[in-house]
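First comes the structure, then the notes that go with it.
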Amino acid sequence: MTTLTIPRPDDWHLHLRDGAMLRAVLPESARHFARAIIMPNLVPPVVTGADAAAYRARIIEALPADARFTPLMTLYLTEETDPEDVAAAHTSGLITAVKLYPAGATTNSASGVRDFERVRPVLERMAEIGCPLCVHGEVTDPEVDIFDREAVFIDRVLEPMRRATPGLRVVMEHITTSEGVAYVAAGNETLGGTITTHHLILNRNHLLAGGIRPHYYCLPVVKREKHRLALRRAATSGEGRFFLGTDSAPHTDALKESACGCAGCFTAPNTMALLAHVFEEEGALDRLEAFTSRNGPAFYGLPVNEQQLTLSKTDRPLHWPKDLPTEDGPVTLFAPGFDLYWQITVDDHPARPA
Ligand code: DOR
Ligand code: ZN
């Protein structure tokens, strides 16, 4: 198969940031993706419906004139979140989901949840109105090894929370372990799981063996090879519970290449070429569209995009810039360590690189 046409994909987990960074990275997602779930971990975070409306307006303002892209907004759940503010924002169509960060789990998560009992009224209201909860599934207990934090979160937090709030729709985001895959696969129709591009490509040797590679550092941190293989099986299975959430998370090189570097891989520009490579390796190109374009809309009750995206295999490797320049400094693009051969076109609009 050298050409593949699929409905335009969506990104069910994306960091766009704000200001100069937003203006620089937004066109990179809008080029291929029709919609994206926009993460609310700004400083300060997007907490109320009013915050989400203002952030949405800034995103729309930053879109290139010819872009065809819809941001799907989220609220950042805190222990002070008002259930009625969430309900009003969801019912009016302003937000698509609410994001749960355990406090301290990752970038800008200080306002996240410490005591899960305190957010129960919000979760119950969300279950009533069908508003999904997107979950960063890692415990922050310093006693728990960072490589085990996802598996422990399932037992300590996620399963008890789902049992206590029947009907709550939950997306376990950026799953990174075979335990995460098994939990999502065994769930009912209220549970979905997103998988990033980079977790399909990297294991912890790529991050740590032969030198530390800050551009491969993300959270949840990449795991052993057996987990990467489990993620590949899930993503390429066609199974409806698994869908793409890139977690494309730009930080400037100065912040990544530091004694205490930020977590995040910037994959928005080349994710579709990377995924075509991965799915081709797995002999599953025919299931790429389930993962990128069909399973997510089905979970969220949204239509599949009408526009199309075509992936064409070329003979010569494509050339990507090493980084994206921004007013804040360069942001290194995710480099997988192998050549890419899949060129992407949206409808009749040629998309970079030529
Ligand atoms: O790698 C990550 N980067 N993981 C997260 O959970 C947050 C994100 C960010 O905002 O930079
Ligand atoms: Zn994220």
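Each chain in the structure tokens gets a letter, A, B, ..., in the order shown, and its residues are numbered from 1; ligands are numbered from 1 in order too.
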
Compute the set of protein, DNA and RNA residues whose minimum atom distance to ligand 1 is at most 7 Å, using only C-alpha atoms and all ligand atoms, and state it as a PDB file with N, CA, C and O atoms, in the first residue's frame.
```
ATOM      1  N   HIS A  15      -1.359  19.991  23.908  1.00  0.00           N
ATOM      2  CA  HIS A  15      -0.954  21.217  24.617  1.00  0.00           C
ATOM      3  C   HIS A  15      -0.646  22.298  23.595  1.00  0.00           C
ATOM      4  O   HIS A  15       0.277  22.147  22.788  1.00  0.00           O
ATOM      5  N   ASN A  41      -3.596  23.168  31.229  1.00  0.00           N
ATOM      6  CA  ASN A  41      -2.544  23.412  32.237  1.00  0.00           C
ATOM      7  C   ASN A  41      -1.691  24.627  31.889  1.00  0.00           C
ATOM      8  O   ASN A  41      -0.470  24.552  31.822  1.00  0.00           O
ATOM      9  N   THR A 106       2.660  16.498  37.140  1.00  0.00           N
ATOM     10  CA  THR A 106       3.359  16.893  35.911  1.00  0.00           C
ATOM     11  C   THR A 106       3.405  18.405  35.780  1.00  0.00           C
ATOM     12  O   THR A 106       3.121  19.123  36.737  1.00  0.00           O
ATOM     13  N   THR A 107       3.759  18.877  34.589  1.00  0.00           N
ATOM     14  CA  THR A 107       3.904  20.309  34.319  1.00  0.00           C
ATOM     15  C   THR A 107       2.664  21.085  34.755  1.00  0.00           C
ATOM     16  O   THR A 107       1.547  20.752  34.362  1.00  0.00           O
ATOM     17  N   ASN A 108       2.847  22.103  35.552  1.00  0.00           N
ATOM     18  CA  ASN A 108       1.753  22.993  35.968  1.00  0.00           C
ATOM     19  C   ASN A 108       0.577  22.237  36.586  1.00  0.00           C
ATOM     20  O   ASN A 108      -0.581  22.522  36.279  1.00  0.00           O
ATOM     21  N   HIS A 136      -5.016  12.258  33.979  1.00  0.00           N
ATOM     22  CA  HIS A 136      -3.575  11.983  34.016  1.00  0.00           C
ATOM     23  C   HIS A 136      -3.385  10.919  35.087  1.00  0.00           C
ATOM     24  O   HIS A 136      -3.450  11.210  36.280  1.00  0.00           O
ATOM     25  N   TYR A 217      12.217  12.943  27.091  1.00  0.00           N
ATOM     26  CA  TYR A 217      11.655  12.916  28.451  1.00  0.00           C
ATOM     27  C   TYR A 217      10.243  13.483  28.428  1.00  0.00           C
ATOM     28  O   TYR A 217      10.014  14.611  27.977  1.00  0.00           O
ATOM     29  N   CYS A 218       9.308  12.691  28.889  1.00  0.00           N
ATOM     30  CA  CYS A 218       7.913  13.124  28.955  1.00  0.00           C
ATOM     31  C   CYS A 218       7.302  12.453  30.178  1.00  0.00           C
ATOM     32  O   CYS A 218       7.921  11.610  30.815  1.00  0.00           O
ATOM     33  N   LEU A 219       6.089  12.844  30.500  1.00  0.00           N
ATOM     34  CA  LEU A 219       5.351  12.186  31.576  1.00  0.00           C
ATOM     35  C   LEU A 219       3.986  11.731  31.066  1.00  0.00           C
ATOM     36  O   LEU A 219       3.344  12.492  30.351  1.00  0.00           O
ATOM     37  N   PRO A 220       3.542  10.536  31.401  1.00  0.00           N
ATOM     38  CA  PRO A 220       4.299   9.518  32.109  1.00  0.00           C
ATOM     39  C   PRO A 220       5.562   9.130  31.332  1.00  0.00           C
ATOM     40  O   PRO A 220       5.529   9.047  30.108  1.00  0.00           O
ATOM     41  N   ASP A 247      -0.491  14.223  23.016  1.00  0.00           N
ATOM     42  CA  ASP A 247       0.202  14.869  24.143  1.00  0.00           C
ATOM     43  C   ASP A 247       1.383  15.688  23.637  1.00  0.00           C
ATOM     44  O   ASP A 247       2.378  15.849  24.346  1.00  0.00           O
ATOM     45  N   ALA A 249       3.655  18.396  23.423  1.00  0.00           N
ATOM     46  CA  ALA A 249       3.827  19.302  24.561  1.00  0.00           C
ATOM     47  C   ALA A 249       5.093  20.127  24.372  1.00  0.00           C
ATOM     48  O   ALA A 249       6.175  19.742  24.805  1.00  0.00           O
ATOM     49  N   PRO A 250       4.969  21.269  23.675  1.00  0.00           N
ATOM     50  CA  PRO A 250       6.167  22.050  23.365  1.00  0.00           C
ATOM     51  C   PRO A 250       6.750  22.762  24.574  1.00  0.00           C
ATOM     52  O   PRO A 250       6.020  23.345  25.385  1.00  0.00           O
ATOM     53  N   HIS A 251       8.060  22.674  24.692  1.00  0.00           N
ATOM     54  CA  HIS A 251       8.844  23.495  25.621  1.00  0.00           C
ATOM     55  C   HIS A 251      10.037  24.003  24.821  1.00  0.00           C
ATOM     56  O   HIS A 251      10.538  23.294  23.944  1.00  0.00           O
ATOM     57  N   CYS A 262      12.144  20.092  31.496  1.00  0.00           N
ATOM     58  CA  CYS A 262      10.681  19.914  31.461  1.00  0.00           C
ATOM     59  C   CYS A 262      10.314  18.637  30.714  1.00  0.00           C
ATOM     60  O   CYS A 262      11.024  18.196  29.809  1.00  0.00           O
ATOM     61  N   ALA A 263       9.138  18.099  31.068  1.00  0.00           N
ATOM     62  CA  ALA A 263       8.618  16.902  30.405  1.00  0.00           C
ATOM     63  C   ALA A 263       7.792  17.298  29.190  1.00  0.00           C
ATOM     64  O   ALA A 263       6.954  18.190  29.286  1.00  0.00           O
ATOM     65  N   GLY A 264       7.997  16.615  28.086  1.00  0.00           N
ATOM     66  CA  GLY A 264       7.136  16.842  26.932  1.00  0.00           C
ATOM     67  C   GLY A 264       7.874  16.584  25.639  1.00  0.00           C
ATOM     68  O   GLY A 264       9.037  16.954  25.498  1.00  0.00           O
ATOM     69  N   CYS A 265       7.190  15.931  24.688  1.00  0.00           N
ATOM     70  CA  CYS A 265       7.720  15.719  23.341  1.00  0.00           C
ATOM     71  C   CYS A 265       6.850  16.509  22.371  1.00  0.00           C
ATOM     72  O   CYS A 265       5.612  16.434  22.450  1.00  0.00           O
TER      73      CYS A 265
END
```

Based on the backbone DSSP call, show me all residues of region 113-286 of chain A assigned strand (DSSP E or B), as JSON, numbers by chain.
{"A": [113, 133, 134, 135, 170, 171, 172, 191, 192, 193, 194, 195, 242, 243, 244, 248, 265]}

Residue nearest Ala276 (chain A) - candidates A:Thr310, A:Asn295, A:Asn188, A:Leu123, atoms counted: only C-alpha atoms:
A:Thr310

Could you go through region 102-207 of chain A and tell me which residues DSSP, when run on the backbone, assigns to helix (DSSP H, G or I), listing them as a ChimeraX atom specification?
/A:116-129,146-164,178-185,198-200,204-207

What's around Met73 (chain A) at 12 Å? Count only C-alpha atoms, leave out sequence neighbours fewer than 4 positions away in its own chain, and write the answer as a ChimeraX atom specification.
/A:12-16,35-41,46-60,86,89-90,92-99,131-132,134

Shell around region 226-231 of chain A at 12 Å using only C-alpha atoms, local window under 3 positions removed, as a ChimeraX atom specification
/A:147-148,150-151,174-182,184-185,193-206,221-223,234-237,242-244,278-279,282

So, counting only C-alpha atoms and all ligand atoms, which residue among A:Trp342, A:Phe299, A:Tyr101, A:Phe116 is closest to ligand 2?
A:Tyr101

Rank nothing, just name the residue among A:Arg17, A:Arg287, A:Arg68, A:Arg8 nearest to ligand 2, using only C-alpha atoms and all ligand atoms.
A:Arg17

Find the residues around Thr271 (chain A) up to 9 Å (only C-alpha atoms counted), leave out those fewer than 2 positions away in its own chain, and share them as a ChimeraX atom specification.
/A:197-198,246,248,267-269,273-276,334

Based on the selection just made, write all heavy atoms of those residues as a compact mmCIF listing (two decimals), in the first residue's frame.
```
# COMPACT_ATOMS: atom_id res chain seq x y z
N THR A 197 1.97 9.27 20.22
CA THR A 197 2.84 8.80 19.15
C THR A 197 4.18 8.34 19.73
O THR A 197 4.68 7.26 19.39
CB THR A 197 3.10 9.97 18.17
OG1 THR A 197 1.84 10.55 17.84
CG2 THR A 197 3.81 9.49 16.93
N HIS A 198 4.73 9.16 20.63
CA HIS A 198 6.09 8.84 21.10
C HIS A 198 6.14 7.59 21.95
O HIS A 198 7.15 6.87 21.93
CB HIS A 198 6.74 10.04 21.80
CG HIS A 198 5.90 10.77 22.79
ND1 HIS A 198 4.85 11.58 22.44
CD2 HIS A 198 5.95 10.81 24.15
CE1 HIS A 198 4.31 12.09 23.54
NE2 HIS A 198 4.96 11.63 24.58
N THR A 246 -1.99 12.88 21.10
CA THR A 246 -0.53 12.99 20.91
C THR A 246 0.19 13.42 22.17
O THR A 246 1.34 13.09 22.37
CB THR A 246 -0.17 14.00 19.80
OG1 THR A 246 -0.55 15.31 20.23
CG2 THR A 246 -0.81 13.64 18.48
N SER A 248 1.28 16.18 22.41
CA SER A 248 2.33 17.06 21.89
C SER A 248 2.47 18.23 22.86
O SER A 248 1.50 18.95 23.12
CB SER A 248 1.94 17.54 20.49
OG SER A 248 2.94 18.38 19.97
N THR A 267 5.42 16.63 19.07
CA THR A 267 5.20 15.70 17.96
C THR A 267 4.16 16.18 16.96
O THR A 267 3.91 15.48 15.96
CB THR A 267 4.71 14.33 18.50
OG1 THR A 267 3.56 14.56 19.32
CG2 THR A 267 5.78 13.61 19.29
N ALA A 268 3.56 17.34 17.21
CA ALA A 268 2.44 17.75 16.34
C ALA A 268 2.82 17.78 14.85
O ALA A 268 2.04 17.29 14.01
CB ALA A 268 1.89 19.11 16.78
N PRO A 269 3.99 18.32 14.46
CA PRO A 269 4.24 18.46 13.02
C PRO A 269 4.35 17.13 12.29
O PRO A 269 3.92 17.03 11.13
CB PRO A 269 5.58 19.22 12.96
CG PRO A 269 5.72 19.88 14.30
CD PRO A 269 5.04 18.96 15.28
N ALA A 273 3.02 11.26 9.95
CA ALA A 273 4.05 10.49 9.23
C ALA A 273 4.65 9.41 10.14
O ALA A 273 4.90 8.28 9.71
CB ALA A 273 5.14 11.44 8.75
N LEU A 274 4.82 9.74 11.42
CA LEU A 274 5.33 8.77 12.38
C LEU A 274 4.36 7.61 12.57
O LEU A 274 4.75 6.44 12.61
CB LEU A 274 5.57 9.45 13.74
CG LEU A 274 6.74 10.45 13.81
CD1 LEU A 274 6.57 11.39 15.00
CD2 LEU A 274 8.07 9.69 13.93
N LEU A 275 3.08 7.94 12.68
CA LEU A 275 2.07 6.89 12.90
C LEU A 275 1.96 5.98 11.68
O LEU A 275 1.82 4.76 11.82
CB LEU A 275 0.71 7.50 13.23
CG LEU A 275 0.62 8.16 14.61
CD1 LEU A 275 -0.73 8.87 14.76
CD2 LEU A 275 0.80 7.12 15.72
N ALA A 276 2.04 6.57 10.48
CA ALA A 276 1.99 5.73 9.27
C ALA A 276 3.16 4.75 9.28
O ALA A 276 3.00 3.57 8.96
CB ALA A 276 2.02 6.61 8.02
N PHE A 334 10.13 16.32 17.60
CA PHE A 334 10.42 14.93 17.96
C PHE A 334 11.12 14.24 16.79
O PHE A 334 10.59 14.19 15.68
CB PHE A 334 9.12 14.20 18.29
CG PHE A 334 9.34 12.76 18.66
CD1 PHE A 334 9.83 12.43 19.91
CD2 PHE A 334 9.07 11.74 17.75
CE1 PHE A 334 10.05 11.10 20.25
CE2 PHE A 334 9.29 10.41 18.09
CZ PHE A 334 9.77 10.09 19.34
```

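Considering the residues A:Ala34, A:Met21, A:Ala65, A:Leu100 and counting only C-alpha atoms and all ligand atoms, ligand 2 has its shortest atom-to-atom contact with A:Leu100.
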
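Taking CA of Pro330 (chain A) and CA of Tyr216 (chain A) as the two end points, the separation is 16.1 Å.
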
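Using only C-alpha atoms, the nearest neighbour of Ala110 (chain A) within the list A:Leu77, A:Leu168, A:Ala186, A:Leu191 is A:Leu77.
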
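Distances here use only C-alpha atoms and all ligand atoms; by that measure, the residue among A:Leu63, A:Glu173, A:Thr165, A:Pro71 closest to ligand 2 is A:Glu173.
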